[in-house]
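Colleague: Take a look at protein24.txt, compact mmCIF, C-alpha atoms:
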# COMPACT_ATOMS: atom_id res chain seq x y z
CA MET A 1 72.40 75.00 329.40
CA ALA A 2 70.71 72.31 327.36
CA GLU A 3 71.10 72.38 323.60
CA LEU A 4 68.30 73.99 321.61
CA ALA A 5 67.65 70.71 319.79
CA THR A 6 67.08 68.93 323.09
CA ILE A 7 64.69 71.61 324.29
CA ALA A 8 62.84 71.79 320.95
CA ARG A 9 62.33 68.05 320.45
CA PRO A 10 59.41 67.56 322.89
CA TYR A 11 57.59 70.59 321.48
CA ALA A 12 58.02 69.43 317.87
CA GLU A 13 56.98 65.88 318.70
CA ALA A 14 53.94 67.07 320.67
CA LEU A 15 52.86 69.32 317.81
CA PHE A 16 53.31 66.49 315.32
CA LYS A 17 51.33 64.07 317.51
CA ALA A 18 48.57 66.65 318.00
CA CYS A 19 48.31 67.10 314.22
CA LYS A 20 48.07 63.33 313.72
CA ASP A 21 45.45 62.94 316.47
CA VAL A 22 43.14 65.68 315.19
CA ALA A 23 41.29 64.76 312.01
CA GLY A 24 41.54 67.20 309.14
CA VAL A 25 44.75 68.93 310.23
CA ASP A 26 47.02 69.56 307.25
CA LEU A 27 50.68 68.88 308.14
CA THR A 28 51.93 71.13 305.34
CA ALA A 29 49.80 74.05 306.55
CA THR A 30 50.97 73.45 310.11
CA ALA A 31 54.60 73.43 308.96
CA SER A 32 53.92 76.68 307.12
CA TRP A 33 52.61 78.56 310.15
CA ALA A 34 55.34 77.02 312.33
CA ASP A 35 57.93 78.40 309.89
CA GLU A 36 56.27 81.82 310.01
CA LEU A 37 56.33 81.82 313.81
CA ALA A 38 59.98 80.75 313.70
CA ALA A 39 60.86 83.62 311.36
CA ILE A 40 59.20 86.10 313.70
CA ALA A 41 60.94 84.59 316.74
CA ALA A 42 64.31 84.78 314.98
CA ASP A 43 64.08 88.57 314.72
CA PRO A 44 66.50 90.21 317.20
CA GLN A 45 63.92 92.80 318.28
CA VAL A 46 61.35 90.11 319.06
CA ARG A 47 63.97 88.17 321.02
CA SER A 48 64.84 91.23 323.08
CA LEU A 49 61.13 91.76 323.80
CA ALA A 50 60.74 88.11 324.76
CA ASP A 51 63.67 88.41 327.17
CA ASN A 52 62.30 91.59 328.73
CA PRO A 53 60.65 90.75 332.08
CA LYS A 54 58.32 93.76 331.78
CA VAL A 55 56.65 92.30 328.67
CA THR A 56 53.77 90.02 329.63
CA PRO A 57 53.04 86.73 327.84
CA GLU A 58 49.78 88.24 326.59
CA GLN A 59 51.62 91.18 325.04
CA LEU A 60 54.09 88.83 323.38
CA LEU A 61 51.26 86.66 322.06
CA GLY A 62 49.57 89.80 320.72
CA LEU A 63 52.78 90.78 318.96
CA PHE A 64 53.06 87.42 317.21
CA THR A 65 49.40 87.37 316.16
CA SER A 66 49.56 90.93 314.83
CA VAL A 67 52.75 90.37 312.82
CA ILE A 68 52.00 86.97 311.27
CA ARG A 69 50.60 87.15 307.72
CA THR A 70 48.10 84.30 308.02
CA GLN A 71 45.23 83.75 310.41
CA LEU A 72 46.40 81.29 313.06
CA PRO A 73 44.13 78.32 313.79
CA ALA A 74 43.22 77.58 317.41
CA MET A 75 45.87 74.84 317.60
CA ALA A 76 48.56 77.33 316.55
CA THR A 77 47.46 79.91 319.08
CA ASN A 78 47.44 77.32 321.87
CA PHE A 79 50.86 76.04 320.81
CA LEU A 80 52.31 79.55 320.67
CA LYS A 81 50.81 80.39 324.07
CA THR A 82 52.43 77.28 325.57
CA VAL A 83 55.82 78.16 324.07
CA ILE A 84 55.59 81.75 325.33
CA ASP A 85 54.38 80.72 328.80
CA ASN A 86 57.35 78.35 329.12
CA GLY A 87 59.80 81.04 328.03
CA ARG A 88 60.88 79.16 324.89
CA VAL A 89 60.38 81.80 322.18
CA ASP A 90 64.08 81.56 321.27
CA VAL A 91 63.59 77.84 320.52
CA LEU A 92 60.80 78.36 317.95
CA PRO A 93 63.14 78.20 314.90
CA GLU A 94 64.51 74.84 316.05
CA ILE A 95 61.00 73.57 316.86
CA ALA A 96 59.88 74.45 313.33
CA ALA A 97 62.92 72.74 311.80
CA GLN A 98 62.37 69.56 313.81
CA PHE A 99 58.64 69.59 313.04
CA ARG A 100 59.39 69.89 309.32
CA SER A 101 61.80 66.94 309.64
CA LEU A 102 59.06 64.85 311.27
CA VAL A 103 56.61 65.80 308.50
CA ASN A 104 59.16 64.93 305.81
CA ALA A 105 59.94 61.59 307.47
CA SER A 106 56.24 60.73 307.53
CA LYS A 107 55.98 61.55 303.80
CA GLY A 108 59.26 59.86 302.88
CA SER A 109 60.77 63.08 301.57
CA SER A 110 63.46 65.62 302.46
CA ASP A 111 63.92 69.38 302.20
CA ALA A 112 66.47 70.55 299.67
CA VAL A 113 67.87 74.02 299.09
CA VAL A 114 69.09 74.78 295.58
CA TYR A 115 71.57 77.65 295.36
CA SER A 116 72.05 78.99 291.85
CA ALA A 117 73.88 81.94 290.38
CA PHE A 118 70.73 83.09 288.57
CA PRO A 119 66.97 82.72 289.21
CA MET A 120 65.64 79.42 287.84
CA ASP A 121 62.46 79.12 285.82
CA ALA A 122 59.82 76.48 286.61
CA ALA A 123 60.79 74.15 283.76
CA ALA A 124 64.47 74.07 284.72
CA LEU A 125 63.53 73.52 288.37
CA ALA A 126 61.23 70.62 287.42
CA ASP A 127 64.02 68.98 285.40
CA LEU A 128 66.47 69.52 288.25
CA ARG A 129 63.97 68.05 290.75
CA ALA A 130 63.65 64.86 288.70
CA SER A 131 67.43 64.48 288.47
CA LEU A 132 67.96 65.19 292.16
CA GLU A 133 65.23 62.80 293.29
CA LYS A 134 66.87 60.07 291.23
CA ARG A 135 70.33 60.98 292.62
CA PHE A 136 69.24 61.13 296.29
CA GLY A 137 66.69 58.31 296.05
CA ARG A 138 63.80 60.15 297.70
CA LYS A 139 61.18 62.81 297.07
CA LEU A 140 62.53 66.33 297.58
CA GLU A 141 60.81 69.54 298.64
CA LEU A 142 62.87 72.16 296.79
CA SER A 143 63.43 75.75 297.74
CA THR A 144 65.70 78.04 295.74
CA LYS A 145 68.10 80.81 296.68
CA VAL A 146 70.23 82.97 294.42
CA ASP A 147 73.95 83.09 295.24
CA GLU A 148 75.80 85.15 292.64
CA ALA A 149 79.18 84.03 294.04
CA LEU A 150 78.63 80.61 292.42
CA ILE A 151 79.23 82.18 288.97
CA GLY A 152 77.25 79.36 287.30
CA GLY A 153 75.83 75.92 288.02
CA VAL A 154 74.05 74.90 291.21
CA ARG A 155 74.82 73.87 294.75
CA VAL A 156 72.23 71.58 296.37
CA VAL A 157 71.98 70.97 300.12
CA VAL A 158 69.83 68.03 301.29
CA GLY A 159 70.15 67.63 305.04
CA ASP A 160 73.86 67.06 305.64
CA GLU A 161 74.57 66.09 302.02
CA VAL A 162 75.91 68.66 299.55
CA LEU A 163 76.07 68.34 295.76
CA ASP A 164 78.15 71.20 294.37
CA THR A 165 78.34 71.50 290.58
CA SER A 166 78.99 75.25 290.56
CA VAL A 167 81.69 76.95 288.56
CA LYS A 168 83.11 78.34 291.80
CA ALA A 169 83.58 74.82 293.21
CA ARG A 170 85.23 73.62 290.01
CA LEU A 171 87.62 76.59 290.04
CA GLU A 172 88.52 75.84 293.66
CA GLN A 173 89.16 72.18 292.76
CA MET A 174 91.44 73.28 289.90
CA LYS A 175 93.29 75.67 292.20
CA ALA A 176 93.83 72.92 294.77
CA ALA A 177 95.09 70.53 292.06
CA LEU A 178 97.51 73.11 290.66
CA THR A 179 98.93 74.10 294.05
CA ALA A 180 99.32 70.53 295.33
If you took the structure in this file and wrote it as structure tokens, what would it be?

Modeller:
Amino acid sequence: MAELATIARPYAEALFKACKDVAGVDLTATASWADELAAIAADPQVRSLADNPKVTPEQLLGLFTSVIRTQLPAMATNFLKTVIDNGRVDVLPEIAAQFRSLVNASKGSSDAVVYSAFPMDAAALADLRASLEKRFGRKLELSTKVDEALIGGVRVVVGDEVLDTSVKARLEQMKAALTA
């Protein structure tokens, strides 16, 4: 079986090209509804329905359109119908990830996930964004997640790069130094 990334690439590239070709299409809004579709497709119950041969493509399309929080534009509905008709619902999360990567590349930015032990306020996040953009040398689209296991500090993941300044990481470094 082909890797999901290989299967998803043509869909993500076609969606990106379609957005570029049609005037007035907002790439950020498209990435948003693609992420929503991916979240729905990642649900185990939706996957089992998609794999059920008794469920028609129209029923599956109806399920997606009834569950999604936003009103899908015509381009989104056509894209989703194509994915469903080709039996690629399980690939939607990877399509959304690759599409977001294409959008970021066109903007010269990257997605970054900031894990912190406690929720961060807007001012602290703005300061952190400025420091991280200087450190990584590009514009970053930050999202935050709380991970109480970090004890304190932050852990930042930008693509395949990780910057870990958490107390947990420092304790593990000290443990490794003492046991070596």

Colleague: Identify, on the basis of all atoms listed in the file, every residue whose closest approach to A:Thr30 does not exceed 10 Å; exclude the query and any residue fewer than 2 positions from it along the same chain; express the result as a list in words.

Modeller: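 What passes the distance filter is Leu15, Phe16, Cys19, Val25, Asp26, Leu27, Thr28, Ser32, Trp33, Ala34, Asp35, Glu36, Leu72, Pro73, Met75, Ala76, Ala96, Phe99, Arg100 and Val103 of chain A.
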
Colleague: Generate a file of the selected residues that holds C-alpha atoms, formatted as an mmCIF file, in the coordinates of the input.

Modeller:
data_model
loop_
_atom_site.group_PDB
_atom_site.id
_atom_site.type_symbol
_atom_site.label_atom_id
_atom_site.label_comp_id
_atom_site.auth_asym_id
_atom_site.auth_seq_id
_atom_site.Cartn_x
_atom_site.Cartn_y
_atom_site.Cartn_z
ATOM 1 C CA LEU A 15 52.860 69.320 317.810
ATOM 2 C CA PHE A 16 53.310 66.490 315.320
ATOM 3 C CA CYS A 19 48.310 67.100 314.220
ATOM 4 C CA VAL A 25 44.750 68.930 310.230
ATOM 5 C CA ASP A 26 47.020 69.560 307.250
ATOM 6 C CA LEU A 27 50.680 68.880 308.140
ATOM 7 C CA THR A 28 51.930 71.130 305.340
ATOM 8 C CA SER A 32 53.920 76.680 307.120
ATOM 9 C CA TRP A 33 52.610 78.560 310.150
ATOM 10 C CA ALA A 34 55.340 77.020 312.330
ATOM 11 C CA ASP A 35 57.930 78.400 309.890
ATOM 12 C CA GLU A 36 56.270 81.820 310.010
ATOM 13 C CA LEU A 72 46.400 81.290 313.060
ATOM 14 C CA PRO A 73 44.130 78.320 313.790
ATOM 15 C CA MET A 75 45.870 74.840 317.600
ATOM 16 C CA ALA A 76 48.560 77.330 316.550
ATOM 17 C CA ALA A 96 59.880 74.450 313.330
ATOM 18 C CA PHE A 99 58.640 69.590 313.040
ATOM 19 C CA ARG A 100 59.390 69.890 309.320
ATOM 20 C CA VAL A 103 56.610 65.800 308.500
#

Colleague: What lies within 12 Å of A:Lys139 using all atoms listed in the file, ignoring chain neighbours under 3 positions off, as a list in words?

Modeller: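 In the requested form, the answer reads Asn104, Ala105, Ser106, Lys107, Gly108, Ser109, Ser110, Asp111, Ala112, Arg129, Ala130, Ser131, Leu132, Glu133, Lys134, Arg135, Phe136, Leu142 and Val158 of chain A.
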
Colleague: Return as AutoDock Vina command-line options the centre and edge lengths, in Å with one decimal, of the box along x, y and z that encloses every atom of stretch 121-140 of chain A in the file, padded by 8 Å per side.

Modeller:
--center_x 65.1 --center_y 68.7 --center_z 290.7 --size_x 26.5 --size_y 36.8 --size_z 29.9

Colleague: What does the structure give for the distance between atom CA of A:Ile7 and atom CA of A:Arg69, in Å to one decimal?

Modeller: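 Atom-to-atom, atom CA of A:Ile7 to atom CA of A:Arg69, that is 26.7 Å.
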
Colleague: Excluding same-chain residues fewer than 5 positions from A:Val154, what lies within 7 Å of it counting only C-alpha atoms, as a count of residues only?

Modeller: 6

Colleague: Would you please work out which residue, of A:Leu150, A:Leu128, A:Leu92, A:Ala8, is nearest to A:Asp43 when using only C-alpha atoms?

Modeller: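 Under the stated criterion, the closest residue is A:Leu92.
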
Colleague: Just checking: using only C-alpha atoms, which residue out of A:Leu61, A:Val55, A:Leu102, A:Ala41 ends up closest to A:Lys20?

Modeller: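 Between A:Leu61, A:Val55, A:Leu102, A:Ala41, the residue approaching A:Lys20 most closely is A:Leu102.
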
Colleague: Show me, as a PyMOL selection string, the residues that have an atom within 6 Å of A:Ala12 when counting all atoms listed in the file, minus same-chain residues fewer than 2 positions from it.

Modeller: chain A and resi 9-10+14-15+95+98-99

Colleague: For C-alpha atoms, I'd like the residues from the last selection saved as a JSON list (two decimals), in the coordinates of the input.

Modeller:
[["chain", "number", "residue", "atom", "x", "y", "z"],
["A", 9, "ARG", "CA", 62.33, 68.05, 320.45],
["A", 10, "PRO", "CA", 59.41, 67.56, 322.89],
["A", 14, "ALA", "CA", 53.94, 67.07, 320.67],
["A", 15, "LEU", "CA", 52.86, 69.32, 317.81],
["A", 95, "ILE", "CA", 61.00, 73.57, 316.86],
["A", 98, "GLN", "CA", 62.37, 69.56, 313.81],
["A", 99, "PHE", "CA", 58.64, 69.59, 313.04]]

Colleague: How many Å lie between atom CA of A:Asp160 and atom CA of A:Asp90, rounded to one decimal?

Modeller: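 Atom-to-atom, atom CA of A:Asp160 to atom CA of A:Asp90, that is 23.5 Å.
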
Colleague: Could you work out how far atom CA of A:Leu80 lies from atom CA of A:Ala18, giving the answer in Å with one decimal?

Modeller: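 Result for atom CA of A:Ala18 versus atom CA of A:Leu80: 13.7 Å, one decimal.
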
Colleague: Around the point (71.8, 71.0, 315.6) (coordinates from the file), which residues reach within 9 Å if we count all atoms listed in the file? Answer as a list in words.

Modeller: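 Applying the cut-off with all atoms listed in the file, one gets Glu3, Leu4, Ala5 and Glu94 of chain A.
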
Colleague: Counting all atoms listed in the file, figure out which residue out of A:Asp147, A:Ala42, A:Glu13, A:Met174 gets nearest to A:Pro93.

Modeller: A:Ala42

Colleague: Out of A:Leu60, A:Ala126, A:Val156, A:Val167, which residue has the shortest atom-to-atom distance to A:Val46 when counting all atoms listed in the file?

Modeller: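 Distance minimum relative to A:Val46 lands on A:Leu60.
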
Colleague: Of the candidates A:Val89, A:Ile151, A:Ile68, A:Ala176, which shows the shortest atom-to-atom distance to A:Ala117, using all atoms listed in the file?

Modeller: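 Result for the nearest residue to A:Ala117: A:Ile151.
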
Colleague: Between A:Lys168, A:Ala38, A:Val22, A:Asp121, which one has atoms that come closest to A:Phe64, using only C-alpha atoms?

Modeller: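 The shortest atom-to-atom distance to A:Phe64 comes from A:Ala38.
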